[in-house]
>>> print(open('my_file.cif').read())   # mmCIF, N, CA and C atoms
data_model
loop_
_atom_site.label_atom_id
_atom_site.label_comp_id
_atom_site.auth_asym_id
_atom_site.auth_seq_id
_atom_site.Cartn_x
_atom_site.Cartn_y
_atom_site.Cartn_z
N MET A 273 69.01 74.06 41.67
CA MET A 273 70.39 74.49 41.65
C MET A 273 70.57 75.84 42.35
N ALA A 274 69.76 76.83 42.00
CA ALA A 274 69.85 78.16 42.58
C ALA A 274 69.53 78.12 44.07
N LEU A 275 68.53 77.31 44.43
CA LEU A 275 68.14 77.19 45.83
C LEU A 275 69.28 76.60 46.66
N SER A 276 69.97 75.60 46.11
CA SER A 276 71.08 74.99 46.85
C SER A 276 72.24 75.97 47.03
N LEU A 277 72.47 76.85 46.06
CA LEU A 277 73.51 77.89 46.18
C LEU A 277 73.13 78.90 47.27
N ILE A 278 71.87 79.26 47.32
CA ILE A 278 71.40 80.20 48.34
C ILE A 278 71.54 79.58 49.72
N ILE A 279 71.15 78.32 49.85
CA ILE A 279 71.26 77.63 51.14
C ILE A 279 72.73 77.52 51.54
N ARG A 280 73.58 77.18 50.60
CA ARG A 280 75.02 77.09 50.89
C ARG A 280 75.57 78.45 51.31
N GLY A 281 75.11 79.52 50.67
CA GLY A 281 75.54 80.87 51.03
C GLY A 281 75.13 81.23 52.45
N PHE A 282 73.89 80.86 52.84
CA PHE A 282 73.43 81.10 54.20
C PHE A 282 74.26 80.30 55.21
N GLU A 283 74.58 79.07 54.85
CA GLU A 283 75.39 78.23 55.75
C GLU A 283 76.77 78.85 55.97
N LEU A 284 77.38 79.33 54.88
CA LEU A 284 78.70 79.97 54.99
C LEU A 284 78.62 81.26 55.81
N ALA A 285 77.58 82.05 55.59
CA ALA A 285 77.41 83.29 56.34
C ALA A 285 77.22 82.99 57.83
N ALA A 286 76.40 81.99 58.12
CA ALA A 286 76.16 81.62 59.52
C ALA A 286 77.45 81.13 60.17
N SER A 287 78.22 80.35 59.45
CA SER A 287 79.49 79.84 59.97
C SER A 287 80.46 80.98 60.25
N SER A 288 80.54 81.94 59.32
CA SER A 288 81.43 83.09 59.50
C SER A 288 80.98 83.94 60.68
N LEU A 289 79.68 84.17 60.79
CA LEU A 289 79.15 84.96 61.89
C LEU A 289 79.44 84.28 63.23
N GLU A 290 79.27 82.97 63.27
CA GLU A 290 79.55 82.23 64.51
C GLU A 290 81.01 82.37 64.92
N LYS A 291 81.92 82.32 63.96
CA LYS A 291 83.35 82.47 64.26
C LYS A 291 83.65 83.86 64.80
N VAL A 292 83.09 84.89 64.17
CA VAL A 292 83.33 86.27 64.61
C VAL A 292 82.78 86.47 66.02
N LEU A 293 81.55 86.00 66.26
CA LEU A 293 80.95 86.18 67.57
C LEU A 293 81.71 85.43 68.64
N SER A 294 82.16 84.22 68.33
CA SER A 294 82.91 83.47 69.34
C SER A 294 84.25 84.13 69.62
N LYS A 295 84.90 84.70 68.62
CA LYS A 295 86.16 85.40 68.85
C LYS A 295 85.91 86.64 69.69
N ARG A 296 84.84 87.37 69.38
CA ARG A 296 84.53 88.57 70.16
C ARG A 296 84.27 88.18 71.62
N GLY A 297 83.52 87.12 71.81
CA GLY A 297 83.24 86.64 73.16
C GLY A 297 84.50 86.21 73.88
N THR A 298 85.40 85.59 73.15
CA THR A 298 86.67 85.16 73.74
C THR A 298 87.48 86.38 74.17
N ARG A 299 87.53 87.37 73.34
CA ARG A 299 88.28 88.58 73.70
C ARG A 299 87.69 89.22 74.95
N LEU A 300 86.37 89.32 75.00
CA LEU A 300 85.74 89.92 76.17
C LEU A 300 86.00 89.08 77.41
N SER A 301 85.86 87.79 77.30
CA SER A 301 86.07 86.94 78.48
C SER A 301 87.53 86.99 78.91
N ARG A 302 88.45 87.11 77.96
CA ARG A 302 89.87 87.24 78.32
C ARG A 302 90.13 88.55 79.05
N LYS A 303 89.51 89.62 78.59
CA LYS A 303 89.69 90.91 79.26
C LYS A 303 89.10 90.89 80.66
N ILE A 304 87.93 90.29 80.78
CA ILE A 304 87.30 90.18 82.09
C ILE A 304 88.20 89.39 83.03
N GLU A 305 88.73 88.28 82.56
CA GLU A 305 89.62 87.45 83.38
C GLU A 305 90.91 88.21 83.73
N ALA A 306 91.45 88.95 82.78
CA ALA A 306 92.68 89.71 83.02
C ALA A 306 92.45 90.77 84.10
N VAL A 307 91.34 91.48 84.01
CA VAL A 307 91.04 92.51 85.02
C VAL A 307 90.80 91.86 86.38
N ARG A 308 90.07 90.76 86.40
CA ARG A 308 89.80 90.06 87.66
C ARG A 308 91.11 89.61 88.31
N THR A 309 92.00 89.07 87.52
CA THR A 309 93.29 88.59 88.03
C THR A 309 94.15 89.74 88.53
N MET A 310 94.13 90.83 87.79
CA MET A 310 94.90 92.01 88.19
C MET A 310 94.35 92.63 89.47
N GLU A 311 93.03 92.73 89.56
CA GLU A 311 92.41 93.26 90.77
C GLU A 311 92.72 92.40 91.99
N ARG A 312 92.75 91.09 91.80
CA ARG A 312 93.08 90.18 92.91
C ARG A 312 94.51 90.44 93.39
N ALA A 313 95.44 90.63 92.46
CA ALA A 313 96.83 90.91 92.83
C ALA A 313 96.93 92.25 93.55
N ILE A 314 96.22 93.25 93.05
CA ILE A 314 96.24 94.58 93.69
C ILE A 314 95.69 94.49 95.10
N ASN A 315 94.52 93.87 95.25
CA ASN A 315 93.87 93.79 96.56
C ASN A 315 94.70 92.99 97.56
N ASN A 316 95.27 91.89 97.13
CA ASN A 316 96.10 91.09 98.03
C ASN A 316 97.38 91.84 98.41
N THR A 317 97.93 92.61 97.50
CA THR A 317 99.13 93.38 97.80
C THR A 317 98.80 94.48 98.81
N ARG A 318 97.68 95.16 98.61
CA ARG A 318 97.27 96.20 99.57
C ARG A 318 97.07 95.60 100.96
N ALA A 319 96.39 94.47 101.03
CA ALA A 319 96.15 93.81 102.32
C ALA A 319 97.47 93.41 102.96
N TYR A 320 98.39 92.89 102.17
CA TYR A 320 99.70 92.50 102.70
C TYR A 320 100.42 93.72 103.28
N LEU A 321 100.40 94.83 102.55
CA LEU A 321 101.11 96.02 103.01
C LEU A 321 100.49 96.58 104.30
N VAL A 322 99.17 96.50 104.42
CA VAL A 322 98.52 96.94 105.66
C VAL A 322 98.94 96.02 106.80
N ASN A 323 98.87 94.73 106.58
CA ASN A 323 99.20 93.76 107.64
C ASN A 323 100.68 93.77 108.02
N SER A 324 101.54 94.09 107.06
CA SER A 324 102.98 94.10 107.35
C SER A 324 103.47 95.49 107.73
N GLN A 325 102.54 96.43 107.88
CA GLN A 325 102.85 97.82 108.22
C GLN A 325 103.81 98.45 107.21
N GLY A 326 103.58 98.14 105.95
CA GLY A 326 104.35 98.76 104.88
C GLY A 326 105.74 98.20 104.65
N ARG A 327 106.06 97.10 105.32
CA ARG A 327 107.39 96.48 105.10
C ARG A 327 107.35 95.61 103.86
N TYR A 328 108.40 95.74 103.09
CA TYR A 328 108.52 94.94 101.87
C TYR A 328 109.43 93.75 102.13
N GLN A 329 108.84 92.56 102.11
CA GLN A 329 109.60 91.33 102.26
C GLN A 329 109.18 90.38 101.14
N ALA A 330 110.08 89.48 100.78
CA ALA A 330 109.76 88.52 99.72
C ALA A 330 108.46 87.80 100.05
N ASN A 331 107.61 87.66 99.03
CA ASN A 331 106.32 87.03 99.22
C ASN A 331 105.98 86.26 97.95
N THR A 332 106.15 84.95 98.00
CA THR A 332 105.94 84.13 96.80
C THR A 332 104.47 84.13 96.38
N GLU A 333 103.55 84.24 97.33
CA GLU A 333 102.13 84.27 96.97
C GLU A 333 101.83 85.50 96.13
N LEU A 334 102.33 86.66 96.57
CA LEU A 334 102.12 87.88 95.78
C LEU A 334 102.84 87.80 94.43
N SER A 335 104.04 87.27 94.44
CA SER A 335 104.78 87.11 93.19
C SER A 335 103.98 86.25 92.21
N ASP A 336 103.39 85.17 92.71
CA ASP A 336 102.59 84.29 91.85
C ASP A 336 101.33 84.99 91.34
N LEU A 337 100.67 85.76 92.22
CA LEU A 337 99.47 86.49 91.79
C LEU A 337 99.80 87.49 90.68
N TRP A 338 100.91 88.21 90.85
CA TRP A 338 101.31 89.16 89.82
C TRP A 338 101.71 88.45 88.53
N ASN A 339 102.30 87.28 88.65
CA ASN A 339 102.67 86.52 87.46
C ASN A 339 101.41 86.04 86.73
N GLU A 340 100.38 85.63 87.47
CA GLU A 340 99.11 85.25 86.86
C GLU A 340 98.48 86.44 86.14
N ALA A 341 98.55 87.61 86.77
CA ALA A 341 98.01 88.82 86.15
C ALA A 341 98.78 89.15 84.86
N PHE A 342 100.10 88.99 84.91
CA PHE A 342 100.93 89.19 83.73
C PHE A 342 100.49 88.28 82.59
N ALA A 343 100.34 86.99 82.88
CA ALA A 343 99.97 86.02 81.84
C ALA A 343 98.58 86.31 81.27
N ALA A 344 97.65 86.70 82.11
CA ALA A 344 96.30 87.01 81.64
C ALA A 344 96.26 88.28 80.79
N MET A 345 97.11 89.25 81.12
CA MET A 345 97.11 90.53 80.42
C MET A 345 97.94 90.50 79.13
N LEU A 346 98.85 89.59 79.00
CA LEU A 346 99.77 89.56 77.86
C LEU A 346 99.07 89.61 76.50
N PRO A 347 98.03 88.81 76.25
CA PRO A 347 97.39 88.90 74.93
C PRO A 347 96.56 90.16 74.72
N ILE A 348 96.35 90.93 75.78
CA ILE A 348 95.46 92.09 75.71
C ILE A 348 96.23 93.40 75.62
N ASP A 349 97.25 93.54 76.48
CA ASP A 349 98.02 94.79 76.54
C ASP A 349 99.45 94.43 76.96
N LYS A 350 100.32 94.34 75.97
CA LYS A 350 101.70 93.89 76.22
C LYS A 350 102.47 94.85 77.14
N ASP A 351 102.25 96.16 76.98
CA ASP A 351 102.96 97.12 77.82
C ASP A 351 102.55 96.98 79.29
N LEU A 352 101.27 96.88 79.51
CA LEU A 352 100.78 96.69 80.88
C LEU A 352 101.26 95.35 81.42
N ALA A 353 101.25 94.33 80.58
CA ALA A 353 101.72 93.00 81.02
C ALA A 353 103.18 93.06 81.47
N LYS A 354 104.02 93.80 80.77
CA LYS A 354 105.43 93.93 81.18
C LYS A 354 105.53 94.53 82.58
N ARG A 355 104.68 95.50 82.85
CA ARG A 355 104.72 96.15 84.17
C ARG A 355 104.24 95.19 85.26
N LEU A 356 103.26 94.36 84.93
CA LEU A 356 102.78 93.37 85.89
C LEU A 356 103.86 92.33 86.15
N ASN A 357 104.62 92.00 85.12
CA ASN A 357 105.73 91.07 85.28
C ASN A 357 106.79 91.67 86.21
N ALA A 358 107.02 92.97 86.10
CA ALA A 358 107.97 93.63 87.00
C ALA A 358 107.48 93.52 88.45
N SER A 359 106.17 93.64 88.67
CA SER A 359 105.63 93.48 90.02
C SER A 359 105.87 92.07 90.54
N SER A 360 105.70 91.10 89.68
CA SER A 360 105.95 89.71 90.07
C SER A 360 107.40 89.52 90.48
N ARG A 361 108.29 90.04 89.68
CA ARG A 361 109.72 89.90 89.98
C ARG A 361 110.09 90.67 91.24
N PHE A 362 109.49 91.84 91.43
CA PHE A 362 109.74 92.63 92.63
C PHE A 362 109.41 91.83 93.89
N TRP A 363 108.24 91.20 93.93
CA TRP A 363 107.81 90.50 95.14
C TRP A 363 108.59 89.22 95.39
N SER A 364 109.35 88.75 94.42
CA SER A 364 110.20 87.58 94.68
C SER A 364 111.39 87.95 95.55
N ASP A 365 111.84 89.24 95.47
CA ASP A 365 112.93 89.71 96.32
C ASP A 365 112.96 91.24 96.31
N PRO A 366 112.09 91.87 97.09
CA PRO A 366 111.99 93.33 97.07
C PRO A 366 113.26 94.06 97.49
N THR A 367 114.06 93.46 98.37
CA THR A 367 115.24 94.17 98.86
C THR A 367 116.22 94.45 97.73
N VAL A 368 116.36 93.54 96.80
CA VAL A 368 117.26 93.75 95.66
C VAL A 368 116.76 94.90 94.80
N TRP A 369 115.46 94.94 94.56
CA TRP A 369 114.89 96.01 93.74
C TRP A 369 115.00 97.37 94.43
N GLN A 370 114.83 97.40 95.75
CA GLN A 370 114.88 98.67 96.47
C GLN A 370 116.27 99.27 96.49
N LEU A 371 117.29 98.46 96.29
CA LEU A 371 118.66 98.97 96.26
C LEU A 371 118.96 99.74 94.97
N GLU A 372 118.17 99.50 93.95
CA GLU A 372 118.41 100.13 92.66
C GLU A 372 117.23 101.02 92.27
N PRO A 373 117.38 102.35 92.41
CA PRO A 373 116.26 103.25 92.11
C PRO A 373 115.71 103.09 90.69
N ALA A 374 116.57 102.83 89.72
CA ALA A 374 116.10 102.66 88.34
C ALA A 374 115.20 101.43 88.22
N ALA A 375 115.50 100.40 88.97
CA ALA A 375 114.67 99.20 88.95
C ALA A 375 113.30 99.48 89.56
N MET A 376 113.28 100.28 90.61
CA MET A 376 112.01 100.60 91.27
C MET A 376 111.07 101.38 90.35
N GLU A 377 111.62 102.11 89.39
CA GLU A 377 110.78 102.84 88.44
C GLU A 377 109.98 101.89 87.55
N LEU A 378 110.44 100.66 87.42
CA LEU A 378 109.73 99.67 86.62
C LEU A 378 108.51 99.09 87.33
N VAL A 379 108.49 99.18 88.65
CA VAL A 379 107.39 98.62 89.44
C VAL A 379 106.26 99.64 89.50
N PRO A 380 105.09 99.29 88.94
CA PRO A 380 103.99 100.25 88.92
C PRO A 380 103.36 100.44 90.30
N GLU A 381 102.82 101.62 90.53
CA GLU A 381 102.12 101.93 91.77
C GLU A 381 100.75 101.24 91.74
N LEU A 382 100.27 100.83 92.91
CA LEU A 382 98.99 100.13 92.99
C LEU A 382 97.83 101.02 92.52
N ASP A 383 97.86 102.30 92.88
CA ASP A 383 96.79 103.21 92.45
C ASP A 383 96.76 103.35 90.93
N GLU A 384 97.93 103.40 90.34
CA GLU A 384 98.02 103.50 88.88
C GLU A 384 97.42 102.25 88.23
N LEU A 385 97.72 101.09 88.79
CA LEU A 385 97.17 99.84 88.24
C LEU A 385 95.66 99.76 88.44
N SER A 386 95.18 100.27 89.56
CA SER A 386 93.73 100.32 89.79
C SER A 386 93.04 101.18 88.74
N GLU A 387 93.67 102.29 88.40
CA GLU A 387 93.13 103.17 87.35
C GLU A 387 93.09 102.45 86.01
N GLN A 388 94.14 101.68 85.71
CA GLN A 388 94.17 100.90 84.48
C GLN A 388 93.01 99.90 84.45
N CYS A 389 92.77 99.23 85.57
CA CYS A 389 91.65 98.30 85.67
C CYS A 389 90.34 99.01 85.42
N ASP A 390 90.18 100.19 86.02
CA ASP A 390 88.95 100.96 85.84
C ASP A 390 88.73 101.33 84.37
N LEU A 391 89.79 101.71 83.67
CA LEU A 391 89.67 102.06 82.25
C LEU A 391 89.23 100.85 81.43
N ILE A 392 89.81 99.70 81.72
CA ILE A 392 89.44 98.49 81.00
C ILE A 392 88.00 98.11 81.31
N LEU A 393 87.60 98.27 82.58
CA LEU A 393 86.22 97.96 82.97
C LEU A 393 85.21 98.86 82.26
N VAL A 394 85.54 100.14 82.11
CA VAL A 394 84.65 101.06 81.40
C VAL A 394 84.48 100.59 79.95
N GLU A 395 85.57 100.20 79.32
CA GLU A 395 85.52 99.69 77.95
C GLU A 395 84.66 98.43 77.88
N LEU A 396 84.85 97.52 78.83
CA LEU A 396 84.08 96.28 78.84
C LEU A 396 82.60 96.55 79.04
N MET A 397 82.26 97.44 79.94
CA MET A 397 80.85 97.76 80.18
C MET A 397 80.21 98.36 78.93
N ARG A 398 80.95 99.19 78.23
CA ARG A 398 80.44 99.78 77.00
C ARG A 398 80.17 98.70 75.95
N ARG A 399 81.06 97.73 75.85
CA ARG A 399 80.90 96.65 74.88
C ARG A 399 79.79 95.68 75.24
N LEU A 400 79.53 95.53 76.51
CA LEU A 400 78.51 94.57 76.94
C LEU A 400 77.09 95.13 76.83
N LYS A 401 76.95 96.42 76.55
CA LYS A 401 75.61 97.02 76.44
C LYS A 401 74.91 96.54 75.19
#
>>> encode(input="my_file.cif", output="structure tokens")
Amino acid sequence: MALSLIIRGFELAASSLEKVLSKRGTRLSRKIEAVRTMERAINNTRAYLVNSQGRYQANTELSDLWNEAFAAMLPIDKDLAKRLNASSRFWSDPTVWQLEPAAMELVPELDELSEQCDLILVELMRRLK
């Protein structure tokens, strides 16, 4: 009787530990994916701006990349996700946003977003040690 209770206790502990570890792994993999998606949007936007000589024109590919970054970041950092969503909306029609200075304040700078990625990467590297 006592042995079966001990075995059952070990089984429950193992099950609980497995759930915690899988959740931790899921969070880390989500953060890694969110940073990867955000970096891809940043890099593609920089390349676009170089190739277009800094002209802002509607670009559905960039809008989609920023929307993917928004969706990946939403469960991790809602405030940052909102800003990524603003980038997605901006690239769907930049001329409308440029007409309204208050709207442009919602669109984050690429360097600022790169810094955010770096901060998240530092956290991830610390956790992976």
>>> residues_around(input="my_file.cif", residues="A:Arg302", least_positions_apart="3", cutoff="8 Å", atoms="only C-alpha atoms", output="PyMOL selection string")
chain A and resi 298-299+305-306+344+348
>>> closest_residue(input="my_file.cif", among="A:Leu378, A:Leu337, A:Val394, A:Ala330", to="A:Arg312", atoms="only N, CA and C atoms")
A:Leu337
>>> closest_residue(input="my_file.cif", among="A:Ala358, A:Val379, A:Val322, A:Ile392", to="A:Asn339", atoms="only N, CA and C atoms")
A:Ala358
>>> residues_near_point(input="my_file.cif", point="(88.8, 98.0, 88.9)", cutoff="10 Å", atoms="only C-alpha atoms", output="list in words")
Val307, Arg308, Met310, Glu311, Arg312, Ile314, Leu385, Ser386, Glu387, Gln388, Cys389, Asp390, Leu391, Ile392, Leu393 and Val394 of chain A
>>> atom_distance(input="my_file.cif", atom1="atom CA of A:Ser301", atom2="atom CA of A:Ala341")
14.3 Å
>>> atom_distance(input="my_file.cif", atom1="atom CA of A:Tyr328", atom2="atom C of A:Ala343")
24.4 Å
>>> closest_residue(input="my_file.cif", among="A:Pro380, A:Met345, A:Glu395, A:Arg327", to="A:Thr367", atoms="only C-alpha atoms")
A:Arg327
>>> closest_residue(input="my_file.cif", among="A:Trp363, A:Leu396, A:Val368, A:Arg355", to="A:Tyr320", atoms="only C-alpha atoms")
A:Trp363
>>> closest_residue(input="my_file.cif", among="A:Leu356, A:Asn323, A:Phe342, A:Lys401", to="A:Leu382", atoms="only C-alpha atoms")
A:Leu356
>>> atom_distance(input="my_file.cif", atom1="atom CA of A:Pro373", atom2="atom CA of A:Asn315")
24.7 Å
